[in-house]
Amino acid sequence: MPKVRTNRVKYPEGWELIEPTLRELDGKMREAELDPHDGKRKCEALWPIFKITHQKSRYIYDLYYRRNEISKELYEFCLDQGYGDRNLIAKWKKPGYERLCCLRCIQPRDHNFGTTCVCRVPKHLREEKVVECVHCGCGGCGSGD
């Protein structure tokens, strides 16, 4: 008789320290997905989801790169399991993208005239002082802000 495969995941050492925060953010994500979006624009309904995804990725990034509180094994495990956005974290490591809110803000194909999003413009160079990104609701993620 063949072995029964189980989908048991072996958690690396240190998982119990970050699990409560990640579970809490997962709960917030479920709430954001189920929130009614009556009276909101189509893009505004997705803003809370982008915000929570950014929070989870930033939490993992800060624990590994800034505070050095988790191991490389745990960091890779979190990214492999989908707790953080690997591509967004890779951009945060590059100069000028330290405060990037989402990857759609830097993709020229998603904007008029083949440029980046208005939230990437530093605040002192903007014509309008209060700006919200259409894609994720960011108020400004330019590194010079």
# chains A, B, ... in the order shown; residues from 1 in each chain; ligands from 1
call {"tool": "residues_around", "arguments": {"residues": "segment 34-50 of chain A", "least_positions_apart": "4", "cutoff": "10 Å", "atoms": "only C-alpha atoms", "output": "CSV table (one decimal) with C-alpha atoms, in the first residue's frame"}}
result
chain,number,residue,atom,x,y,z
A,28,LYS,CA,-7.4,41.6,9.2
A,29,MET,CA,-6.9,40.5,5.6
A,30,ARG,CA,-10.0,38.3,5.8
A,54,HIS,CA,2.4,45.9,2.6
A,55,GLN,CA,2.3,45.6,6.4
A,101,CYS,CA,4.1,51.0,-1.3
A,102,CYS,CA,3.4,48.5,-4.1
A,133,CYS,CA,-2.4,56.8,-5.5
A,134,VAL,CA,-5.2,55.3,-7.7
A,135,HIS,CA,-3.8,51.8,-7.4
A,136,CYS,CA,-3.2,51.4,-3.6
A,137,GLY,CA,-4.3,54.6,-1.9
A,138,CYS,CA,-0.8,55.6,-0.9
call {"tool": "select_by_dssp", "arguments": {"residues": "segment 26-68 of chain A", "states": "helix (DSSP H, G or I)", "output": "ChimeraX atom specification"}}
result
/A:26-34,44-66
call {"tool": "write_last_selection", "arguments": {"atoms": "C-alpha atoms", "output": "PDB file, in the first residue's frame"}}
result
ATOM      1  CA  ASP A  26      -4.258  37.279   8.155  1.00  0.00           C
ATOM      2  CA  GLY A  27      -7.422  37.922  10.181  1.00  0.00           C
ATOM      3  CA  LYS A  28      -7.379  41.583   9.177  1.00  0.00           C
ATOM      4  CA  MET A  29      -6.927  40.487   5.558  1.00  0.00           C
ATOM      5  CA  ARG A  30     -10.018  38.269   5.752  1.00  0.00           C
ATOM      6  CA  GLU A  31     -12.009  41.153   7.224  1.00  0.00           C
ATOM      7  CA  ALA A  32     -10.806  43.490   4.470  1.00  0.00           C
ATOM      8  CA  GLU A  33     -11.769  40.977   1.799  1.00  0.00           C
ATOM      9  CA  LEU A  34     -15.269  40.596   3.254  1.00  0.00           C
ATOM     10  CA  GLU A  44     -10.832  51.993  -3.480  1.00  0.00           C
ATOM     11  CA  ALA A  45     -12.227  48.601  -2.503  1.00  0.00           C
ATOM     12  CA  LEU A  46      -8.768  47.048  -2.916  1.00  0.00           C
ATOM     13  CA  TRP A  47      -6.825  49.660  -0.927  1.00  0.00           C
ATOM     14  CA  PRO A  48      -7.169  47.931   2.484  1.00  0.00           C
ATOM     15  CA  ILE A  49      -5.926  44.675   0.947  1.00  0.00           C
ATOM     16  CA  PHE A  50      -2.853  46.411  -0.493  1.00  0.00           C
ATOM     17  CA  LYS A  51      -2.221  48.083   2.866  1.00  0.00           C
ATOM     18  CA  ILE A  52      -2.322  44.810   4.817  1.00  0.00           C
ATOM     19  CA  THR A  53      -0.134  43.030   2.255  1.00  0.00           C
ATOM     20  CA  HIS A  54       2.380  45.870   2.609  1.00  0.00           C
ATOM     21  CA  GLN A  55       2.265  45.570   6.421  1.00  0.00           C
ATOM     22  CA  LYS A  56       2.974  41.832   6.332  1.00  0.00           C
ATOM     23  CA  SER A  57       5.875  42.213   3.919  1.00  0.00           C
ATOM     24  CA  ARG A  58       7.326  45.152   5.883  1.00  0.00           C
ATOM     25  CA  TYR A  59       7.054  43.177   9.138  1.00  0.00           C
ATOM     26  CA  ILE A  60       9.068  40.281   7.699  1.00  0.00           C
ATOM     27  CA  TYR A  61      11.562  42.656   6.051  1.00  0.00           C
ATOM     28  CA  ASP A  62      12.152  44.582   9.282  1.00  0.00           C
ATOM     29  CA  LEU A  63      12.605  41.424  11.339  1.00  0.00           C
ATOM     30  CA  TYR A  64      15.238  40.044   8.993  1.00  0.00           C
ATOM     31  CA  TYR A  65      17.111  43.036   7.588  1.00  0.00           C
ATOM     32  CA  ARG A  66      16.726  45.761  10.205  1.00  0.00           C
TER      33      ARG A  66
END
call {"tool": "closest_residue", "arguments": {"among": "A:Leu74, A:Ile18, A:Val131, A:Val118", "to": "Arg104 of chain A", "atoms": "only C-alpha atoms"}}
result
A:Val118
call {"tool": "atom_distance", "arguments": {"atom1": "atom CA of Pro122 of chain A", "atom2": "atom CA of Asn87 of chain A"}}
result
22.7 Å
call {"tool": "residues_around", "arguments": {"residues": "Pro12 of chain A", "least_positions_apart": "2", "cutoff": "8 Å", "atoms": "only C-alpha atoms", "output": "list of chain:residue names"}}
result
A:Lys10, A:Gly14, A:Trp15, A:Glu73, A:Leu74, A:Phe77
